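Peer 1: Got a structure for you, start-v3.txt, holding compact mmCIF, C-alpha atoms and all ligand atoms.
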```txt
# COMPACT_ATOMS: atom_id res chain seq x y z
CA MET U 109 11.52 -21.20 7.16
CA ILE U 110 13.87 -22.96 4.78
CA ASN U 111 16.92 -21.27 3.32
CA ILE U 112 17.82 -22.35 -0.17
CA ARG U 113 21.09 -21.10 -1.58
CA HIS U 114 21.39 -20.42 -5.26
CA ARG U 115 23.47 -18.45 -7.73
CA TYR U 116 22.25 -15.10 -8.73
CA CYS U 117 23.53 -13.06 -11.59
CA SER U 118 23.96 -9.30 -11.54
CA GLY U 119 25.68 -8.24 -14.72
CA ASN U 120 29.37 -7.56 -14.26
CA ARG U 121 29.31 -7.75 -10.51
CA LYS U 122 31.01 -10.59 -8.77
CA LYS U 123 28.69 -13.56 -8.47
CA THR U 124 27.59 -14.14 -4.93
CA ARG U 125 25.27 -16.62 -3.31
CA ARG U 126 22.14 -15.36 -1.67
CA PRO U 127 19.57 -17.28 0.32
CA ILE U 128 15.93 -17.29 -0.90
CA LYS U 129 13.42 -17.52 1.87
CA ILE U 130 10.68 -20.05 1.31
CA PHE U 131 7.77 -20.11 3.69
CA PRO U 132 6.28 -23.62 3.73
CA MET U 133 2.47 -23.98 3.81
CA LYS U 134 1.09 -23.89 7.29
CA GLN U 135 -0.59 -27.12 8.32
CA ASN U 136 -3.63 -25.42 9.79
CA GLU U 137 -4.30 -22.94 6.96
CA ASN U 138 -7.94 -22.51 5.99
CA VAL U 139 -7.16 -23.56 2.42
CA ASP U 140 -8.42 -26.37 0.23
CA THR U 141 -5.43 -27.08 -2.00
CA SER U 142 -7.55 -28.89 -4.58
CA GLU U 143 -9.63 -25.70 -4.97
CA ILE U 144 -6.48 -23.61 -5.35
CA PHE U 145 -5.23 -26.07 -7.97
CA LYS U 146 -8.49 -25.76 -9.92
CA PHE U 147 -8.20 -21.99 -10.13
CA GLU U 148 -4.48 -22.18 -10.88
CA SER U 149 -5.09 -24.45 -13.85
CA GLN U 150 -7.75 -22.12 -15.30
CA SER U 151 -5.70 -18.97 -14.81
CA HIS U 152 -4.83 -18.43 -18.47
CA ASP U 153 -8.55 -17.74 -18.96
CA TRP U 154 -9.28 -15.09 -16.30
CA TRP U 155 -9.59 -12.25 -18.76
CA ASN U 156 -11.24 -14.19 -21.57
CA ARG U 157 -14.78 -12.84 -21.46
CA LYS U 158 -16.05 -15.88 -23.35
CA GLY U 159 -14.07 -18.42 -21.30
CA ASP U 160 -14.24 -20.19 -17.95
CA PHE U 161 -14.88 -16.97 -16.05
CA LYS U 162 -17.56 -15.60 -18.39
CA PRO U 163 -20.23 -15.47 -15.65
CA LEU U 164 -17.92 -13.42 -13.37
CA HIS U 165 -17.38 -10.90 -16.16
CA ASP U 166 -21.12 -10.76 -16.82
CA ILE U 167 -22.13 -10.16 -13.20
CA ASN U 168 -19.25 -7.80 -12.41
CA PRO U 169 -20.88 -4.44 -13.22
CA VAL U 170 -23.83 -5.29 -10.95
CA ARG U 171 -21.50 -6.40 -8.14
CA VAL U 172 -19.40 -3.23 -8.34
CA ARG U 173 -22.49 -1.02 -8.39
CA TYR U 174 -23.81 -2.80 -5.30
CA ILE U 175 -20.51 -2.35 -3.44
CA ASP U 176 -20.23 1.28 -4.51
CA GLU U 177 -23.81 2.09 -3.53
CA HIS U 178 -23.43 0.59 -0.07
CA ALA U 179 -19.80 1.18 0.82
CA GLY U 180 -18.84 4.10 -1.47
CA LEU U 181 -15.61 3.14 -3.22
CA CYS U 182 -13.99 6.41 -4.34
CA GLY U 183 -10.83 7.11 -2.32
CA LYS U 184 -11.40 4.15 0.02
CA SER U 185 -8.78 1.56 0.91
CA VAL U 186 -10.26 -1.77 -0.14
CA LEU U 187 -9.08 -5.32 0.52
CA ASP U 188 -10.37 -7.83 -2.06
CA ILE U 189 -10.09 -11.33 -0.59
CA GLY U 190 -9.81 -14.22 -3.07
CA CYS U 191 -9.29 -11.70 -5.87
CA GLY U 192 -8.44 -14.31 -8.50
CA GLY U 193 -7.36 -12.70 -11.76
CA GLY U 194 -8.55 -9.29 -10.56
CA ILE U 195 -11.91 -8.90 -12.33
CA LEU U 196 -13.50 -7.25 -9.31
CA SER U 197 -10.31 -5.59 -8.01
CA GLU U 198 -9.80 -3.77 -11.29
CA ALA U 199 -13.39 -2.58 -11.53
CA MET U 200 -13.17 -1.16 -8.00
CA ALA U 201 -9.84 0.53 -8.74
CA ALA U 202 -11.37 2.00 -11.90
CA VAL U 203 -13.94 3.88 -9.80
CA GLY U 204 -11.26 5.32 -7.53
CA ALA U 205 -10.67 2.75 -4.77
CA VAL U 206 -7.16 2.02 -3.54
CA VAL U 207 -7.22 -1.75 -3.86
CA THR U 208 -5.15 -4.53 -2.32
CA GLY U 209 -6.04 -7.92 -3.79
CA ILE U 210 -5.11 -11.15 -2.04
CA ASP U 211 -5.34 -14.72 -3.24
CA ARG U 212 -3.84 -18.01 -2.15
CA GLY U 213 -3.11 -19.04 -5.74
CA GLU U 214 0.03 -17.87 -7.49
CA ALA U 215 -1.28 -18.24 -11.05
CA PRO U 216 -4.43 -16.10 -10.57
CA LEU U 217 -2.23 -13.39 -9.05
CA ASN U 218 0.11 -13.55 -12.01
CA ALA U 219 -2.85 -13.18 -14.37
CA ALA U 220 -4.04 -10.22 -12.28
CA ARG U 221 -0.63 -8.54 -12.28
CA HIS U 222 -0.18 -9.15 -15.97
CA HIS U 223 -3.55 -7.56 -16.76
CA LEU U 224 -2.52 -4.34 -15.02
CA LEU U 225 -0.18 -3.73 -17.96
CA GLU U 226 -3.25 -3.54 -20.15
CA SER U 227 -5.56 -1.65 -17.84
CA ASN U 228 -2.97 0.79 -16.49
CA LEU U 229 -4.52 0.62 -13.04
CA GLN U 230 -2.60 0.38 -9.79
CA ILE U 231 -3.42 -2.53 -7.50
CA ASN U 232 -1.28 -4.16 -4.85
CA TYR U 233 -1.59 -7.94 -5.33
CA LEU U 234 -0.34 -10.23 -2.55
CA LYS U 235 -0.28 -13.95 -2.01
CA ALA U 236 -2.09 -14.34 1.29
CA THR U 237 -5.17 -15.64 3.02
CA ALA U 238 -7.62 -13.46 4.94
CA GLU U 239 -6.52 -15.09 8.17
CA SER U 240 -2.79 -14.53 7.53
CA MET U 241 -3.43 -10.84 6.77
CA THR U 242 -4.94 -10.24 10.20
CA ALA U 243 -1.47 -10.47 11.81
CA THR U 244 -0.17 -7.50 9.82
CA HIS U 245 -3.22 -5.55 8.61
CA ALA U 246 -5.75 -5.57 11.45
CA SER U 247 -8.34 -2.74 11.23
CA ARG U 248 -6.59 -1.30 8.15
CA PHE U 249 -9.21 -1.22 5.41
CA ASP U 250 -12.25 1.00 4.86
CA VAL U 251 -13.91 -1.76 2.87
CA VAL U 252 -13.32 -5.52 2.64
CA THR U 253 -14.80 -7.52 -0.23
CA CYS U 254 -14.97 -11.30 -0.37
CA LEU U 255 -16.93 -12.37 -3.43
CA GLU U 256 -17.46 -15.90 -4.75
CA MET U 257 -14.71 -17.19 -2.48
CA LEU U 258 -16.36 -18.42 0.75
CA GLU U 259 -17.77 -21.49 -1.02
CA HIS U 260 -14.21 -22.60 -1.84
CA VAL U 261 -12.73 -22.76 1.67
CA PRO U 262 -13.04 -25.45 4.36
CA ASP U 263 -14.05 -22.97 7.08
CA PRO U 264 -15.93 -19.97 5.67
CA ARG U 265 -16.78 -18.74 9.14
CA SER U 266 -13.08 -18.21 9.86
CA VAL U 267 -12.90 -15.94 6.78
CA VAL U 268 -15.91 -13.95 8.03
CA ASN U 269 -14.12 -13.45 11.36
CA ALA U 270 -10.94 -12.38 9.55
CA CYS U 271 -12.94 -9.83 7.49
CA LYS U 272 -14.18 -8.27 10.71
CA ALA U 273 -10.60 -8.09 12.00
CA LEU U 274 -9.30 -6.51 8.79
CA VAL U 275 -11.92 -3.80 8.30
CA LYS U 276 -11.67 -0.55 10.29
CA PRO U 277 -14.28 0.09 12.96
CA GLY U 278 -17.14 1.74 11.09
CA GLY U 279 -16.04 0.08 7.83
CA ASP U 280 -18.01 -2.14 5.47
CA VAL U 281 -17.69 -5.75 4.37
CA ILE U 282 -19.33 -7.25 1.28
CA PHE U 283 -19.73 -10.96 0.67
CA ALA U 284 -21.16 -12.85 -2.28
CA THR U 285 -21.79 -16.56 -2.36
CA LEU U 286 -24.24 -19.28 -3.42
CA ASN U 287 -27.28 -20.43 -1.47
CA ARG U 288 -27.72 -24.12 -0.64
CA ASN U 289 -31.07 -25.61 -1.74
CA PRO U 290 -32.37 -27.95 -4.45
CA LYS U 291 -32.86 -25.05 -6.89
CA SER U 292 -29.27 -23.84 -6.54
CA PHE U 293 -28.04 -27.42 -6.96
CA LEU U 294 -30.03 -27.76 -10.17
CA LEU U 295 -29.14 -24.37 -11.65
CA ALA U 296 -25.63 -23.64 -10.31
CA ILE U 297 -24.23 -27.17 -10.63
CA VAL U 298 -26.35 -29.36 -12.95
CA GLY U 299 -27.33 -26.48 -15.26
CA ALA U 300 -24.24 -24.26 -15.25
CA GLU U 301 -21.58 -26.98 -15.09
CA TYR U 302 -23.06 -30.04 -16.82
CA LEU U 303 -25.81 -28.87 -19.18
CA MET U 304 -24.77 -25.40 -20.33
CA ARG U 305 -21.03 -25.88 -19.72
CA LEU U 306 -20.93 -22.27 -18.57
CA ILE U 307 -18.19 -23.05 -16.08
CA PRO U 308 -15.93 -26.11 -15.81
CA ILE U 309 -17.37 -29.25 -14.23
CA GLY U 310 -16.32 -29.45 -10.59
CA THR U 311 -16.10 -25.68 -10.06
CA HIS U 312 -18.57 -25.87 -7.18
CA THR U 313 -19.24 -28.34 -4.38
CA TYR U 314 -22.87 -28.30 -3.28
CA SER U 315 -22.14 -28.97 0.40
CA ARG U 316 -20.02 -25.80 0.51
CA PHE U 317 -22.89 -23.56 -0.55
CA ILE U 318 -24.01 -21.25 2.26
CA LYS U 319 -27.53 -20.36 3.34
CA PRO U 320 -28.21 -16.66 3.97
CA ALA U 321 -29.22 -17.52 7.55
CA GLU U 322 -25.84 -19.19 8.12
CA ILE U 323 -23.71 -16.32 6.88
CA SER U 324 -25.94 -13.82 8.71
CA LEU U 325 -25.32 -15.70 11.94
CA TRP U 326 -21.54 -15.79 11.37
CA VAL U 327 -21.53 -12.06 10.57
CA ARG U 328 -23.45 -11.25 13.75
CA GLN U 329 -21.33 -13.58 15.87
CA ALA U 330 -18.20 -11.89 14.49
CA GLY U 331 -19.57 -8.62 15.90
CA MET U 332 -20.83 -7.03 12.68
CA ILE U 333 -24.28 -5.95 11.56
CA VAL U 334 -26.01 -7.31 8.46
CA LYS U 335 -27.31 -4.22 6.65
CA ASP U 336 -28.62 -5.81 3.47
CA ILE U 337 -28.92 -9.09 1.62
CA SER U 338 -29.80 -9.00 -2.08
CA GLY U 339 -30.24 -11.72 -4.67
CA MET U 340 -28.14 -11.61 -7.82
CA HIS U 341 -30.11 -12.97 -10.76
CA TYR U 342 -27.97 -14.07 -13.67
CA ASN U 343 -29.42 -15.01 -17.03
CA PRO U 344 -26.72 -16.97 -18.89
CA VAL U 345 -28.60 -16.97 -22.18
CA PHE U 346 -28.86 -13.19 -22.44
CA ARG U 347 -25.78 -12.73 -20.21
CA THR U 348 -27.65 -10.21 -18.08
CA CYS U 349 -27.62 -9.76 -14.33
CA SER U 350 -29.87 -7.85 -11.96
CA LEU U 351 -30.44 -7.49 -8.24
CA GLY U 352 -33.62 -8.51 -6.45
CA GLY U 353 -35.16 -10.06 -3.41
CA ASN U 354 -34.85 -13.65 -4.60
CA LEU U 355 -31.93 -15.21 -2.69
CA HIS U 356 -32.35 -18.71 -4.11
CA ILE U 357 -29.03 -18.91 -5.96
CA ASN U 358 -26.41 -16.11 -5.95
CA TYR U 359 -26.66 -13.41 -3.34
CA LEU U 360 -24.72 -10.46 -1.90
CA VAL U 361 -24.41 -9.51 1.76
CA TYR U 362 -23.55 -6.02 2.99
CA ALA U 363 -22.28 -5.89 6.57
CA ASN U 364 -20.86 -3.15 8.77
CA ARG U 365 -18.40 -3.28 11.63
CA PRO U 366 -19.75 -0.94 14.31
CA LYS U 367 -17.51 1.92 15.45
CA GLY U 368 -17.63 1.19 19.16
N1 LIG J 401 -13.33 -12.89 -6.05
C1 LIG J 401 -13.03 -13.09 -7.46
C2 LIG J 401 -12.60 -14.52 -7.81
C3 LIG J 401 -13.46 -15.63 -7.24
S1 LIG J 401 -12.83 -17.24 -7.62
C4 LIG J 401 -14.25 -12.68 -8.25
O1 LIG J 401 -15.37 -12.83 -7.76
O2 LIG J 401 -14.12 -12.19 -9.38
C5 LIG J 401 -12.23 -17.74 -6.01
C6 LIG J 401 -10.80 -17.31 -5.75
O3 LIG J 401 -10.54 -17.58 -4.35
C7 LIG J 401 -9.75 -18.11 -6.53
O4 LIG J 401 -8.89 -17.24 -7.21
C8 LIG J 401 -9.01 -18.92 -5.46
O5 LIG J 401 -7.63 -19.10 -5.76
C9 LIG J 401 -9.21 -18.05 -4.23
N2 LIG J 401 -9.10 -18.76 -2.95
C10 LIG J 401 -9.60 -19.96 -2.61
N3 LIG J 401 -9.29 -20.25 -1.34
C11 LIG J 401 -8.61 -19.18 -0.85
C12 LIG J 401 -8.06 -18.86 0.42
N4 LIG J 401 -8.17 -19.68 1.45
N5 LIG J 401 -7.43 -17.67 0.57
C13 LIG J 401 -7.33 -16.81 -0.48
N6 LIG J 401 -7.82 -17.06 -1.70
C14 LIG J 401 -8.47 -18.23 -1.88
```
Could the structure of this file be written out as structure tokens, please?
Ligand code: SAH

Peer 2:
Amino acid sequence: MINIRHRYCSGNRKKTRRPIKIFPMKQNENVDTSEIFKFESQSHDWWNRKGDFKPLHDINPVRVRYIDEHAGLCGKSVLDIGCGGGILSEAMAAVGAVVTGIDRGEAPLNAARHHLLESNLQINYLKATAESMTATHASRFDVVTCLEMLEHVPDPRSVVNACKALVKPGGDVIFATLNRNPKSFLLAIVGAEYLMRLIPIGTHTYSRFIKPAEISLWVRQAGMIVKDISGMHYNPVFRTCSLGGNLHINYLVYANRPKG
């Protein structure tokens, strides 16, 4: 911890010097700083439905319905990991969940906090990683969501383990990510980034995509049960999204931490 001393002003009161506490980045954090930088630099656009995050806005109603159907959101305490600008966090709060959103990027969190002024919802946004939260919030949440985030971290399995630690026994965890195969490479990277320019070039790294069998194994090894895996089929031309059995590109995973 580094103490930096600075002047602070408080109206007519005598000026005093107060230390600000700065916590330097931990060396072994499960964070890819270039990924964080990417999202930071796009943060002005989080709530622009025609901008860089258009696909997230388009698929959001289907994601929230899936979470609500499986985990039941009303009145539940929910942790949204990698919440970004709060697209999912807000939609869950709107159906009655008590949401805490965490992200490692400062700018997405600022966009998320700023948008609360417009939406009038209450969400607790914190700068944190899933792993860092386990020290203070173990077994605290009824539901943990981690959508479109695992493919941006160096060690996704560590995040899966942290989700298990953060959810209450008996609670539910929902993941969403991208499958790794030639079709997802062609559609999610070549098509979406280079041809259609749906999302900025470089948003995704193919090698970080995760096969359903891989995440299922990590979920089971963490001590949870995979209850459902569903494909999310997005049509960028008509901007529609539906669920189905085809897991080739985007998919959702519903897992449960057993009570015992
Ligand atoms: N979950 C949101 C946003 C997904 S974008 C949604 O689906 O709508 C991915 C987000 O994960 C970005 O905001 C990025 O800053 C965040 N992120 C990346 N690595 C992270 C980490 N290690 N810990 C917490 N957040 C992280």

Peer 1: Residues of chain U that approach ligand LIG 401 (chain J) to 7 Å or less, counting only C-alpha atoms and all ligand atoms: could you list each one with the shortest pair of atoms and its distance in Å to one decimal, rows by chain and increasing residue number, as JSON lines?

Peer 2:
```
{"residue": "U:Asn138", "atom": "CA", "partner": "J:LIG401", "partner_atom": "N4", "distance": 5.4}
{"residue": "U:Val139", "atom": "CA", "partner": "J:LIG401", "partner_atom": "N4", "distance": 4.1}
{"residue": "U:Asp140", "atom": "CA", "partner": "J:LIG401", "partner_atom": "N3", "distance": 6.4}
{"residue": "U:Glu143", "atom": "CA", "partner": "J:LIG401", "partner_atom": "C10", "distance": 6.2}
{"residue": "U:Ile144", "atom": "CA", "partner": "J:LIG401", "partner_atom": "O5", "distance": 4.7}
{"residue": "U:Phe147", "atom": "CA", "partner": "J:LIG401", "partner_atom": "O5", "distance": 5.3}
{"residue": "U:Glu148", "atom": "CA", "partner": "J:LIG401", "partner_atom": "O5", "distance": 6.8}
{"residue": "U:Leu164", "atom": "CA", "partner": "J:LIG401", "partner_atom": "O2", "distance": 5.6}
{"residue": "U:Ile189", "atom": "CA", "partner": "J:LIG401", "partner_atom": "C13", "distance": 6.1}
{"residue": "U:Gly190", "atom": "CA", "partner": "J:LIG401", "partner_atom": "O3", "distance": 3.7}
{"residue": "U:Cys191", "atom": "CA", "partner": "J:LIG401", "partner_atom": "N1", "distance": 4.2}
{"residue": "U:Gly192", "atom": "CA", "partner": "J:LIG401", "partner_atom": "O4", "distance": 3.2}
{"residue": "U:Gly193", "atom": "CA", "partner": "J:LIG401", "partner_atom": "O4", "distance": 6.6}
{"residue": "U:Gly194", "atom": "CA", "partner": "J:LIG401", "partner_atom": "O2", "distance": 6.4}
{"residue": "U:Ile195", "atom": "CA", "partner": "J:LIG401", "partner_atom": "O2", "distance": 4.9}
{"residue": "U:Leu196", "atom": "CA", "partner": "J:LIG401", "partner_atom": "O2", "distance": 5.0}
{"residue": "U:Ile210", "atom": "CA", "partner": "J:LIG401", "partner_atom": "C13", "distance": 6.3}
{"residue": "U:Asp211", "atom": "CA", "partner": "J:LIG401", "partner_atom": "N6", "distance": 3.7}
{"residue": "U:Arg212", "atom": "CA", "partner": "J:LIG401", "partner_atom": "C13", "distance": 4.1}
{"residue": "U:Gly213", "atom": "CA", "partner": "J:LIG401", "partner_atom": "O5", "distance": 4.5}
{"residue": "U:Pro216", "atom": "CA", "partner": "J:LIG401", "partner_atom": "O4", "distance": 5.7}
{"residue": "U:Ala236", "atom": "CA", "partner": "J:LIG401", "partner_atom": "C13", "distance": 6.1}
{"residue": "U:Thr237", "atom": "CA", "partner": "J:LIG401", "partner_atom": "N5", "distance": 3.9}
{"residue": "U:Ala238", "atom": "CA", "partner": "J:LIG401", "partner_atom": "N5", "distance": 6.1}
{"residue": "U:Cys254", "atom": "CA", "partner": "J:LIG401", "partner_atom": "N1", "distance": 6.1}
{"residue": "U:Leu255", "atom": "CA", "partner": "J:LIG401", "partner_atom": "N1", "distance": 4.5}
{"residue": "U:Glu256", "atom": "CA", "partner": "J:LIG401", "partner_atom": "C3", "distance": 4.7}
{"residue": "U:Met257", "atom": "CA", "partner": "J:LIG401", "partner_atom": "C5", "distance": 4.3}
{"residue": "U:His260", "atom": "CA", "partner": "J:LIG401", "partner_atom": "C10", "distance": 5.4}
{"residue": "U:Val261", "atom": "CA", "partner": "J:LIG401", "partner_atom": "N3", "distance": 5.2}
```

Peer 1: Counting all atoms listed in the file, which of U:His152, U:Arg173, U:Arg288, U:Lys276 gets nearest to Ile318 (chain U)?

Peer 2: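 Nearest candidate to Ile318 (chain U) out of U:His152, U:Arg173, U:Arg288, U:Lys276: U:Arg288.
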
Peer 1: Under the rule that all atoms listed in the file are counted, which of U:Asp336, U:Glu322, U:Asp263, U:Glu226 is the nearest residue to Ile282 (chain U)?

Peer 2: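 Of the candidates, the smallest distance to Ile282 (chain U) is held by U:Asp336.
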
Peer 1: Quick one: distance from CA of Gly209 (chain U) to CA of Gly159 (chain U) in Å, one decimal?

Peer 2: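 Distance reported for this atom pair: 21.9 Å.
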
Peer 1: Rounded to one decimal, what separation in Å do you get between CA of Asp153 (chain U) and CA of Tyr233 (chain U)?

Peer 2: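 The value is 18.2 Å.
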
Peer 1: Ranking U:Pro320, U:Pro264, U:Gly310, U:Gly180 by minimum distance to Leu360 (chain U) and counting all atoms listed in the file, which one comes first?

Peer 2: U:Pro320

Peer 1: For Asn358 (chain U), which residue out of U:Glu259, U:Glu301, U:Glu214, U:Glu177 is the nearest one, using all atoms listed in the file?

Peer 2: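 With all atoms listed in the file as the atom set, the closest residue is U:Glu259.
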
Peer 1: Which one of U:Pro308, U:Asn287, U:Gly278, U:Ser350 sits closest to Ala321 (chain U) if you count all atoms listed in the file?

Peer 2: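 Distance minimum relative to Ala321 (chain U) lands on U:Asn287.
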
Peer 1: Compare U:Asn156, U:Ser185, U:Asn289, U:Thr244 by their minimum atom-to-atom distance to His223 (chain U), counting all atoms listed in the file, and give me the closest one.

Peer 2: U:Asn156

Peer 1: Output region 196-212 of chain U with N, CA and C atoms present, as a PDB file, in the coordinates of the input.

Peer 2:
```pdb
ATOM      1  N   LEU U 196     -12.842  -8.194 -10.213  1.00  0.00           N
ATOM      2  CA  LEU U 196     -13.500  -7.250  -9.310  1.00  0.00           C
ATOM      3  C   LEU U 196     -12.519  -6.165  -8.835  1.00  0.00           C
ATOM      4  N   SER U 197     -11.301  -6.561  -8.498  1.00  0.00           N
ATOM      5  CA  SER U 197     -10.310  -5.590  -8.010  1.00  0.00           C
ATOM      6  C   SER U 197     -10.137  -4.449  -9.004  1.00  0.00           C
ATOM      7  N   GLU U 198     -10.014  -4.803 -10.276  1.00  0.00           N
ATOM      8  CA  GLU U 198      -9.800  -3.770 -11.290  1.00  0.00           C
ATOM      9  C   GLU U 198     -11.002  -2.833 -11.412  1.00  0.00           C
ATOM     10  N   ALA U 199     -12.188  -3.413 -11.369  1.00  0.00           N
ATOM     11  CA  ALA U 199     -13.390  -2.580 -11.530  1.00  0.00           C
ATOM     12  C   ALA U 199     -13.518  -1.612 -10.350  1.00  0.00           C
ATOM     13  N   MET U 200     -13.096  -2.053  -9.167  1.00  0.00           N
ATOM     14  CA  MET U 200     -13.170  -1.160  -8.000  1.00  0.00           C
ATOM     15  C   MET U 200     -12.090  -0.079  -8.096  1.00  0.00           C
ATOM     16  N   ALA U 201     -10.909  -0.465  -8.569  1.00  0.00           N
ATOM     17  CA  ALA U 201      -9.840   0.530  -8.740  1.00  0.00           C
ATOM     18  C   ALA U 201     -10.241   1.562  -9.799  1.00  0.00           C
ATOM     19  N   ALA U 202     -10.963   1.103 -10.813  1.00  0.00           N
ATOM     20  CA  ALA U 202     -11.370   2.000 -11.900  1.00  0.00           C
ATOM     21  C   ALA U 202     -12.330   3.091 -11.416  1.00  0.00           C
ATOM     22  N   VAL U 203     -13.048   2.825 -10.318  1.00  0.00           N
ATOM     23  CA  VAL U 203     -13.940   3.880  -9.800  1.00  0.00           C
ATOM     24  C   VAL U 203     -13.290   4.613  -8.622  1.00  0.00           C
ATOM     25  N   GLY U 204     -11.985   4.456  -8.471  1.00  0.00           N
ATOM     26  CA  GLY U 204     -11.260   5.320  -7.530  1.00  0.00           C
ATOM     27  C   GLY U 204     -10.870   4.696  -6.203  1.00  0.00           C
ATOM     28  N   ALA U 205     -11.090   3.387  -6.031  1.00  0.00           N
ATOM     29  CA  ALA U 205     -10.670   2.750  -4.770  1.00  0.00           C
ATOM     30  C   ALA U 205      -9.177   2.432  -4.820  1.00  0.00           C
ATOM     31  N   VAL U 206      -8.569   2.405  -3.646  1.00  0.00           N
ATOM     32  CA  VAL U 206      -7.160   2.020  -3.540  1.00  0.00           C
ATOM     33  C   VAL U 206      -7.167   0.554  -3.107  1.00  0.00           C
ATOM     34  N   VAL U 207      -6.917  -0.333  -4.079  1.00  0.00           N
ATOM     35  CA  VAL U 207      -7.220  -1.750  -3.860  1.00  0.00           C
ATOM     36  C   VAL U 207      -5.972  -2.585  -3.567  1.00  0.00           C
ATOM     37  N   THR U 208      -6.107  -3.442  -2.556  1.00  0.00           N
ATOM     38  CA  THR U 208      -5.150  -4.530  -2.320  1.00  0.00           C
ATOM     39  C   THR U 208      -5.925  -5.812  -2.609  1.00  0.00           C
ATOM     40  N   GLY U 209      -5.382  -6.649  -3.477  1.00  0.00           N
ATOM     41  CA  GLY U 209      -6.040  -7.920  -3.790  1.00  0.00           C
ATOM     42  C   GLY U 209      -5.213  -9.066  -3.262  1.00  0.00           C
ATOM     43  N   ILE U 210      -5.858  -9.984  -2.540  1.00  0.00           N
ATOM     44  CA  ILE U 210      -5.110 -11.150  -2.040  1.00  0.00           C
ATOM     45  C   ILE U 210      -5.738 -12.440  -2.559  1.00  0.00           C
ATOM     46  N   ASP U 211      -4.879 -13.409  -2.810  1.00  0.00           N
ATOM     47  CA  ASP U 211      -5.340 -14.720  -3.240  1.00  0.00           C
ATOM     48  C   ASP U 211      -4.310 -15.736  -2.782  1.00  0.00           C
ATOM     49  N   ARG U 212      -4.759 -16.964  -2.588  1.00  0.00           N
ATOM     50  CA  ARG U 212      -3.840 -18.010  -2.150  1.00  0.00           C
ATOM     51  C   ARG U 212      -3.158 -18.685  -3.335  1.00  0.00           C
TER      52      ARG U 212
END
```
